[in-house]
>>> print(open('start-v9.txt').read())   # compact mmCIF, C-alpha atoms
# COMPACT_ATOMS: atom_id res chain seq x y z
CA MET B 1 0.00 0.00 0.00
CA MET B 2 2.75 2.40 1.10
CA LYS B 3 4.87 1.35 -1.83
CA SER B 4 2.16 2.06 -4.39
CA LEU B 5 1.40 5.41 -2.77
CA LEU B 6 5.06 6.39 -3.04
CA ALA B 7 5.15 5.24 -6.64
CA ALA B 8 2.07 7.31 -7.44
CA LEU B 9 3.61 10.35 -5.72
CA ALA B 10 6.84 9.93 -7.67
CA LEU B 11 4.90 9.61 -10.90
CA THR B 12 2.79 12.73 -10.33
CA THR B 13 5.89 14.70 -9.31
CA ALA B 14 7.72 13.53 -12.41
CA LEU B 15 4.76 14.49 -14.59
CA SER B 16 4.15 17.88 -13.03
CA PHE B 17 7.77 19.06 -12.91
CA PRO B 18 8.31 19.37 -16.67
CA ALA B 19 4.94 21.10 -17.02
CA ALA B 20 5.96 23.67 -14.43
CA ALA B 21 9.30 24.16 -16.12
CA MET B 22 7.64 24.85 -19.49
CA ALA B 23 6.22 28.23 -18.43
CA ARG B 24 7.43 31.11 -16.34
CA PRO B 25 6.05 34.41 -15.05
CA VAL B 26 7.19 37.23 -17.32
CA THR B 27 6.66 40.87 -16.43
CA LEU B 28 6.12 43.28 -19.30
CA SER B 29 6.67 46.88 -18.35
CA ALA B 30 5.91 49.80 -20.66
CA GLN B 31 6.63 53.30 -19.45
CA LEU B 32 4.79 55.97 -21.41
CA LYS B 33 6.23 59.34 -22.34
CA ASP B 34 4.65 62.39 -20.84
CA TYR B 35 2.95 63.24 -24.13
CA GLY B 36 0.24 65.25 -22.41
CA GLY B 37 -2.76 63.71 -24.16
CA ASN B 38 -5.50 61.40 -23.01
CA ASN B 39 -4.98 57.77 -22.09
CA ALA B 40 -3.24 55.58 -24.62
CA TYR B 41 -4.53 52.30 -26.00
CA LEU B 42 -1.80 49.68 -26.27
CA ALA B 43 -1.80 46.29 -28.00
CA LEU B 44 0.96 43.86 -27.05
CA TYR B 45 1.22 40.92 -29.41
CA VAL B 46 3.72 38.43 -30.75
CA THR B 47 4.86 37.47 -34.24
CA ASP B 48 6.82 34.34 -35.09
CA LYS B 49 10.08 33.99 -37.01
CA ASN B 50 8.17 34.40 -40.28
CA ASN B 51 6.69 37.68 -39.01
CA LYS B 52 3.30 36.00 -38.81
CA TYR B 53 0.95 36.98 -36.00
CA ALA B 54 1.22 34.35 -33.26
CA GLY B 55 -1.10 35.76 -30.61
CA SER B 56 -1.92 38.61 -28.28
CA LEU B 57 -0.44 39.13 -24.84
CA TRP B 58 -2.32 42.18 -23.57
CA LEU B 59 -4.63 44.94 -24.71
CA ALA B 60 -4.85 48.15 -22.68
CA GLY B 61 -8.15 49.88 -23.46
CA SER B 62 -11.61 48.43 -23.42
CA ARG B 63 -13.65 50.14 -26.14
CA THR B 64 -13.74 48.01 -29.21
CA ARG B 65 -14.52 50.85 -31.58
CA TYR B 66 -11.04 52.28 -31.00
CA PHE B 67 -9.17 49.02 -31.57
CA GLN B 68 -8.88 49.79 -35.28
CA HIS B 69 -6.35 52.49 -34.37
CA LEU B 70 -4.00 49.79 -33.10
CA ALA B 71 -3.23 49.19 -36.74
CA GLY B 72 -0.74 46.32 -36.65
CA TRP B 73 -2.78 44.31 -34.17
CA TYR B 74 -6.02 45.11 -35.95
CA ASN B 75 -4.68 44.11 -39.35
CA ALA B 76 -3.46 40.82 -37.93
CA THR B 77 -6.61 39.94 -36.04
CA GLY B 78 -9.37 41.80 -37.85
CA GLY B 79 -10.30 43.15 -34.43
CA ASP B 80 -11.32 39.68 -33.22
CA THR B 81 -11.95 40.24 -29.53
CA SER B 82 -11.79 36.53 -28.73
CA GLN B 83 -8.03 36.99 -29.14
CA ILE B 84 -7.96 39.23 -26.06
CA ASN B 85 -10.52 37.67 -23.74
CA GLY B 86 -8.99 37.58 -20.26
CA ILE B 87 -6.05 39.78 -21.24
CA THR B 88 -7.73 43.17 -21.54
CA GLY B 89 -7.35 46.03 -19.08
CA ALA B 90 -7.68 49.77 -18.81
CA SER B 91 -5.94 52.25 -21.08
CA VAL B 92 -2.77 53.89 -19.77
CA GLY B 93 -2.33 57.55 -18.89
CA SER B 94 0.38 59.84 -20.20
CA GLY B 95 3.61 59.45 -18.22
CA ARG B 96 2.43 56.31 -16.47
CA THR B 97 3.76 52.76 -16.52
CA LEU B 98 1.82 49.62 -17.45
CA GLU B 99 3.12 46.52 -15.73
CA VAL B 100 1.65 43.14 -16.65
CA THR B 101 2.80 39.78 -15.32
CA LEU B 102 1.82 36.75 -17.42
CA ASP B 103 2.68 33.08 -17.29
CA LEU B 104 4.28 32.60 -20.68
CA LYS B 105 5.52 29.43 -22.32
CA ASP B 106 9.30 28.99 -22.41
CA ALA B 107 9.00 28.21 -26.12
CA LEU B 108 8.37 31.90 -26.75
CA PHE B 109 11.97 32.76 -25.98
CA ASP B 110 15.01 32.29 -28.23
CA GLN B 111 12.81 30.92 -31.03
CA GLY B 112 12.60 33.98 -33.28
CA TYR B 113 9.45 35.46 -31.74
CA LYS B 114 9.10 39.25 -31.55
CA LEU B 115 6.94 41.27 -29.22
CA HIS B 116 5.18 44.28 -30.80
CA ILE B 117 3.40 47.16 -29.11
CA ASP B 118 0.98 49.30 -31.10
CA ALA B 119 -0.08 52.53 -29.42
CA ALA B 120 -2.69 55.23 -30.05
CA ALA B 121 -4.11 58.13 -28.08
CA GLU B 122 -7.00 60.49 -28.62
CA ASN B 123 -6.41 63.13 -31.28
CA LEU B 124 -2.80 62.06 -31.61
CA ARG B 125 -1.19 59.96 -34.25
CA GLU B 126 -1.35 56.20 -34.25
CA SER B 127 1.90 54.44 -33.62
CA PRO B 128 1.94 50.87 -34.92
CA ASN B 129 5.07 49.05 -33.83
CA ASP B 130 5.94 51.69 -31.27
CA VAL B 131 8.09 48.92 -29.84
CA VAL B 132 9.35 45.79 -31.59
CA VAL B 133 11.68 43.59 -29.58
CA PRO B 134 12.94 40.05 -30.11
CA LEU B 135 12.04 37.74 -27.23
CA THR B 136 15.32 36.26 -26.03
CA SER B 137 16.60 35.15 -22.65
CA ALA B 138 19.58 37.47 -23.08
CA GLY B 139 17.33 40.47 -23.82
CA ALA B 140 15.37 40.14 -20.59
CA GLY B 141 15.81 43.17 -18.36
CA THR B 142 17.25 45.33 -21.13
CA PRO B 143 15.21 48.51 -21.70
CA VAL B 144 14.10 49.23 -25.27
CA LYS B 145 13.13 52.71 -26.49
CA GLY B 146 9.75 53.24 -28.12
CA ARG B 147 9.07 55.39 -31.19
CA ARG B 148 6.31 57.76 -30.16
CA TYR B 149 4.41 57.08 -26.94
CA ILE B 150 6.56 54.57 -25.10
CA SER B 151 9.70 55.93 -23.53
CA SER B 152 10.94 52.55 -22.35
CA PHE B 153 9.88 48.91 -22.48
CA THR B 154 11.35 45.99 -20.55
CA TYR B 155 10.45 42.35 -20.13
CA SER B 156 11.85 40.46 -17.20
CA MET B 157 11.62 36.87 -16.02
CA MET A 1 -17.61 91.34 -78.15
CA THR A 2 -14.13 90.30 -79.32
CA LYS A 3 -12.66 91.59 -76.10
CA LYS A 4 -15.13 89.51 -74.12
CA THR A 5 -14.37 86.39 -76.15
CA LEU A 6 -10.64 86.90 -75.69
CA THR A 7 -11.07 87.30 -71.95
CA LEU A 8 -13.10 84.11 -71.78
CA LEU A 9 -10.52 82.28 -73.88
CA PHE A 10 -7.70 83.53 -71.69
CA ALA A 11 -9.50 82.53 -68.49
CA SER A 12 -10.30 79.03 -69.75
CA ALA A 13 -6.69 78.57 -70.96
CA ALA A 14 -5.37 79.62 -67.55
CA LEU A 15 -7.77 77.24 -65.81
CA THR A 16 -6.80 74.36 -68.08
CA ALA A 17 -3.12 75.03 -67.48
CA THR A 18 -3.65 75.08 -63.71
CA ILE A 19 -5.33 71.68 -63.79
CA ALA A 20 -3.33 70.06 -66.54
CA LEU A 21 0.21 71.01 -65.52
CA PRO A 22 0.35 68.98 -62.27
CA ALA A 23 -1.33 66.04 -64.01
CA TRP A 24 1.11 66.20 -66.92
CA SER A 25 4.00 66.50 -64.47
CA ALA A 26 2.85 63.38 -62.59
CA LEU A 27 2.43 61.44 -65.83
CA HIS A 28 5.86 62.54 -66.96
CA LYS A 29 7.41 61.46 -63.63
CA ALA A 30 5.71 58.08 -63.81
CA ALA A 31 6.90 57.58 -67.39
CA THR A 32 10.47 58.38 -66.46
CA GLY A 33 10.36 56.04 -63.47
CA GLU A 34 10.34 58.70 -60.77
CA THR A 35 8.23 58.16 -57.71
CA VAL A 36 4.95 60.03 -57.77
CA SER A 37 3.94 61.05 -54.31
CA PRO A 38 0.32 61.78 -53.51
CA LEU A 39 -0.65 65.25 -52.41
CA SER A 40 -1.38 64.03 -48.91
CA THR A 41 2.25 63.08 -48.34
CA ARG A 42 3.42 66.46 -49.60
CA LEU A 43 1.19 68.11 -47.07
CA GLY A 44 2.87 66.13 -44.34
CA SER A 45 0.14 63.64 -43.60
CA ASP A 46 0.98 59.98 -43.06
CA ASP A 47 -1.88 57.65 -43.76
CA GLN A 48 -0.34 54.92 -41.63
CA GLN A 49 -0.35 57.23 -38.67
CA ARG A 50 -3.69 58.96 -38.79
CA PRO A 51 -4.86 60.51 -35.57
CA MET A 52 -6.98 58.40 -33.30
CA MET A 53 -10.29 60.16 -32.88
CA LEU A 54 -11.95 59.23 -29.64
CA ALA A 55 -15.48 60.42 -29.17
CA GLU A 56 -14.93 60.91 -25.48
CA ASP A 57 -12.13 60.46 -23.01
CA ASP A 58 -11.48 57.42 -20.92
CA ASP A 59 -11.11 59.13 -17.60
CA HIS A 60 -13.67 56.84 -16.06
CA GLU A 61 -11.47 53.83 -16.68
CA LYS A 62 -9.89 52.38 -13.60
CA GLU A 63 -6.14 52.74 -13.81
CA GLY A 64 -4.26 51.39 -10.84
CA GLY A 65 -4.55 48.07 -9.09
CA SER A 66 -6.71 45.32 -10.39
CA VAL A 67 -8.50 45.53 -13.67
CA SER A 68 -12.18 46.33 -13.49
CA ARG A 69 -14.62 43.58 -14.27
CA ARG A 70 -17.10 43.80 -17.07
CA GLY A 71 -20.24 45.59 -16.13
CA SER A 72 -18.73 47.72 -13.42
CA ASP A 73 -17.53 50.95 -15.02
CA ASP A 74 -17.55 49.96 -18.64
CA ASP A 75 -21.26 49.58 -19.10
CA ASP A 76 -21.32 52.00 -21.98
CA GLU A 77 -18.92 49.98 -24.01
CA ASP A 78 -19.82 49.85 -27.66
CA GLU A 79 -22.66 52.31 -27.39
CA CYS A 80 -23.13 53.80 -30.81
CA GLU A 81 -23.12 57.57 -30.56
CA ASP A 82 -23.08 58.28 -34.27
CA ASP A 83 -26.40 59.54 -35.60
CA ASP A 84 -25.99 57.38 -38.68
CA GLY A 85 -25.26 54.37 -36.58
CA ASN A 86 -21.86 54.24 -38.22
CA CYS A 87 -19.63 53.43 -35.30
CA GLY A 88 -17.02 51.36 -37.05
CA PRO A 89 -16.71 47.62 -36.95
CA ALA A 90 -19.03 46.03 -34.44
CA ALA A 91 -17.41 43.52 -32.15
CA ALA A 92 -18.26 41.92 -28.86
CA ALA A 93 -16.46 43.52 -25.95
CA PRO A 94 -13.49 41.46 -24.77
CA ALA A 95 -13.72 39.84 -21.34
CA PRO A 96 -11.55 41.78 -18.88
CA ALA A 97 -8.51 40.16 -17.30
CA GLY A 98 -9.42 38.08 -14.29
CA SER A 99 -12.94 37.29 -15.48
CA VAL A 100 -11.90 34.46 -17.81
CA PRO A 101 -8.59 32.67 -18.45
CA PRO A 102 -6.29 34.07 -21.16
CA PRO A 103 -6.97 32.78 -24.68
CA GLN A 104 -5.68 29.37 -25.74
CA ASN A 105 -3.24 30.79 -28.26
CA GLY A 106 -0.28 28.65 -27.27
CA LEU A 107 1.54 31.54 -25.61
CA PHE A 108 0.15 31.22 -22.09
CA ASP A 109 0.31 28.69 -19.36
CA ASN A 110 -3.25 29.23 -18.25
CA SER A 111 -2.84 28.13 -14.66
CA THR A 112 -2.26 31.65 -13.33
CA ALA A 113 -4.34 34.74 -13.97
CA PRO A 114 -2.51 37.80 -15.36
CA LYS A 115 -1.55 40.49 -12.88
CA VAL A 116 -1.66 44.10 -13.96
CA GLN A 117 -0.98 47.46 -12.45
CA VAL A 118 -0.58 50.97 -13.78
CA LYS A 119 1.87 53.06 -11.80
>>> encode(input="start-v9.txt", output="structure tokens")
Amino acid sequence: MMKSLLAALALTTALSFPAAAMARPVTLSAQLKDYGGNNAYLALYVTDKNNKYAGSLWLAGSRTRYFQHLAGWYNATGGDTSQINGITGASVGSGRTLEVTLDLKDALFDQGYKLHIDAAAENLRESPNDVVVPLTSAGAGTPVKGRRYISSFTYSM
Amino acid sequence: MTKKTLTLLFASAALTATIALPAWSALHKAATGETVSPLSTRLGSDDQQRPMMLAEDDDHEKEGGSVSRRGSDDDDEDECEDDDGNCGPAAAAPAPAGSVPPPQNGLFDNSTAPKVQVK
């Protein structure tokens, strides 16, 4: 009885360990410039090594009618909101920092994936690909400058 | 009478020249392989980066701490305020973080809910 219990425990541990090792919490941090306008909408999404849309990671801003201004994301998804169920939050104010922690698969890193951030704010110009950064283990913690709205972006794990 | 006719002729010639010259110039550029840029680019506009026109601000959106749940302060989501009913592409509102697991897009390990804060 004891022996079979131990065997079962060993088996479940052996099965659960690789699963746990396949994902890790990754914090994405985007600091916005003090551009002085209203809140910015941000779309964070990933493309694969063939520059094909692989999936969304976060969308800051809740009103669907403005999603079309996140041009890169919108072109890739057609504005399909099922892509962002459970990963949508509030828009981000000028000068503020969005910090999102997600459990991401290890396979996303060092495999040619790139993280993109599209940004847009009221009455200001859209900024598709405000940030584009390859997802690599070595690049974690290294700040990347944005083009228009994002002063600095970092991912850490 | 002749004076009037000449004036009319002169005016129509000037008008034709005004319209035809830029068109001829563009055709000539295209024929010689030069890039023809649309007027909008000459005026400094960039169609890839058009301004985002929000009908109203988002000040009511919760910013710090946890993300608001659907139905709390986003009840007016997708209300059509255009008189013509032309409010852009219609789409169901996305479920806010924390209300459902992240999508099964192969990027997430869905055992833990996302954490978000705006500082």
>>> closest_atom_pairs(input="start-v9.txt", of="chain B", to="chain A", cutoff="8 Å", atoms="all atoms listed in the file", output="tab-separated table")
residue	atom	partner	partner_atom	distance
B:Ala23	CA	A:Asp109	CA	6.0
B:Asn38	CA	A:Asp57	CA	6.7
B:Asn39	CA	A:Asp58	CA	6.6
B:Ala54	CA	A:Asn105	CA	7.6
B:Gly55	CA	A:Asn105	CA	5.9
B:Ser56	CA	A:Asn105	CA	7.9
B:Leu57	CA	A:Leu107	CA	7.9
B:Ser62	CA	A:Pro94	CA	7.3
B:Arg63	CA	A:Glu77	CA	5.7
B:Thr64	CA	A:Ala93	CA	6.2
B:Arg65	CA	A:Gly88	CA	6.0
B:Tyr66	CA	A:Leu54	CA	7.1
B:His69	CA	A:Met52	CA	6.0
B:Gly79	CA	A:Ala91	CA	7.5
B:Asp80	CA	A:Ala91	CA	7.3
B:Thr81	CA	A:Pro94	CA	5.1
B:Ser82	CA	A:Pro94	CA	6.5
B:Gln83	CA	A:Pro103	CA	6.2
B:Ile84	CA	A:Pro94	CA	6.1
B:Asn85	CA	A:Ala95	CA	4.6
B:Gly86	CA	A:Ala97	CA	4.0
B:Ile87	CA	A:Ala97	CA	4.7
B:Thr88	CA	A:Pro96	CA	4.9
B:Gly89	CA	A:Val67	CA	5.6
B:Ala90	CA	A:Glu61	CA	5.9
B:Ser91	CA	A:Glu61	CA	7.2
B:Val92	CA	A:Glu63	CA	6.9
B:Gly93	CA	A:Glu63	CA	8.0
B:Arg96	CA	A:Lys119	CA	5.7
B:Thr97	CA	A:Lys119	CA	5.1
B:Leu98	CA	A:Val118	CA	4.6
B:Glu99	CA	A:Gln117	CA	5.3
B:Val100	CA	A:Val116	CA	4.4
B:Thr101	CA	A:Lys115	CA	5.0
B:Leu102	CA	A:Pro114	CA	4.9
B:Asp103	CA	A:Asp109	CA	5.4
B:Leu104	CA	A:Phe108	CA	4.6
B:Lys105	CA	A:Leu107	CA	5.6
B:Leu108	CA	A:Leu107	CA	6.9
B:Ala120	CA	A:Met52	CA	6.2
B:Ala121	CA	A:Met52	CA	6.0
B:Glu122	CA	A:Met52	CA	5.1
B:Asn123	CA	A:Met53	CA	5.1
B:Leu124	CA	A:Pro51	CA	4.7
B:Arg125	CA	A:Pro51	CA	3.9
B:Glu126	CA	A:Gln49	CA	4.6
B:Ser127	CA	A:Gln49	CA	6.2
B:Pro128	CA	A:Gln49	CA	7.7
>>> atom_distance(input="start-v9.txt", atom1="CA of Gly37 (chain B)", atom2="CA of Gly141 (chain B)")
28.3 Å
>>> atom_distance(input="start-v9.txt", atom1="CA of Leu28 (chain B)", atom2="CA of Tyr53 (chain B)")
18.6 Å
>>> atom_distance(input="start-v9.txt", atom1="CA of Leu32 (chain B)", atom2="CA of Ile150 (chain B)")
4.3 Å
